[in-house]
Amino acid sequence: MPPLALASILMIVSGSLHAVVNAIVKGGKDKASGRAVTDGTSALVLLPAILFVPLPHGAWHWLAASAVIHAFYLYSLVRAYAIGDLSAVYPVLRGSAPLITAGVTIGVLGEHATIAQIAGTAVIGIAMFVMIAGKHIGRQALGWSLLTGLFIAGYTVVDALGVRAAPSPASYIVWVFVQMGAVVVVMFGIVTRGAIFAAARRQWRPGVIAGVLWILTYGMALYALALGPTAPLAALRETGMVTALVISILVLREPVSRGRVIGVLGILAGAALILAG
């Protein structure tokens, strides 16, 4: 299978799993605790693997930058989920991210992309915002969502550069999860003054499930970014919004609007353009 085709498949599957992880975190009573358990679980599961992969020489600085950006990302994500509905917050933060990512990787870093890929990326980003047409989202929720989208774009670009600079994709993937778990648990432990640990005892089961799925979803995404161009692949991951819509309807019992249906169709159209390009 051609590398770009494999990368595209990995990103689409990653997007669906990512929607499940976000729904689990959103469904918990304590969002910070849920996120800490998720990332802590991922780190513990992969910790033994550091003995079997090369040290990420050439990518240490990217790992450091990734840790900082992920910390800010997760804090803003938890804040957005705490004050806004998943159906409103998720499209904003995921829709803004591929547009910013494309602007940086293509416009600033000069990464190659075809006209069809650029058009597909733009269609997906715009379609995500169409999904919240007519839906109320508070100013604070909107602000935290857009900030989260900026951080998503930031860690996407940094991790794409890092996974390509490391001796192997597996090396970077293992180390990024281990460091991310440590950073997140410590950060939320400090921010909440230890309250997350008491909350974690009450909701650890879904967090552990999310942690295992998080390895799969972001591990797939990182491996895909080692194989192909950043912007179109990152946009393909947003096809997970289709899964998020199904979860919102069947699990969270949220209403379906015309805008959400049109948005999903737009995402699928954008994905088709990227795959055709």
# chains A, B, ... in the order shown; residues from 1 in each chain; ligands from 1
call {"tool": "residues_around", "arguments": {"residues": "Leu161 in chain A", "least_positions_apart": "3", "cutoff": "9 Å", "atoms": "only C-alpha atoms", "output": "ChimeraX atom specification"}}
result
/A:59,62,156-158,164-166,225-226
call {"tool": "residues_around", "arguments": {"residues": "Pro48 in chain A", "least_positions_apart": "4", "cutoff": "10 Å", "atoms": "only C-alpha atoms", "output": "number ranges by chain"}}
result
A: 43-44, 52-53, 174, 178
call {"tool": "closest_atom_pairs", "arguments": {"of": "range 180-244 of chain A", "to": "range 100-122 of chain A", "cutoff": "6 Å", "atoms": "only C-alpha atoms", "output": "Markdown table"}}
result
| residue | atom | partner | partner_atom | distance |
| --- | --- | --- | --- | --- |
| A:Ala231 | CA | A:Ala102 | CA | 4.8 |
| A:Pro232 | CA | A:Gln117 | CA | 5.7 |
| A:Ala235 | CA | A:Thr121 | CA | 5.5 |
call {"tool": "atom_distance", "arguments": {"atom1": "CA of Gly181 in chain A", "atom2": "CA of Trp214 in chain A"}}
result
11.1 Å
call {"tool": "residues_around", "arguments": {"residues": "Tyr81 in chain A", "least_positions_apart": "6", "cutoff": "12 Å", "atoms": "only C-alpha atoms", "output": "JSON, numbers by chain"}}
result
{"A": [22, 23, 24, 25, 26, 27, 28, 29, 30, 31, 32, 34, 35, 74, 75, 87, 88, 89, 90, 91, 92, 93, 137, 138, 140, 141, 142, 143, 144, 145, 148]}
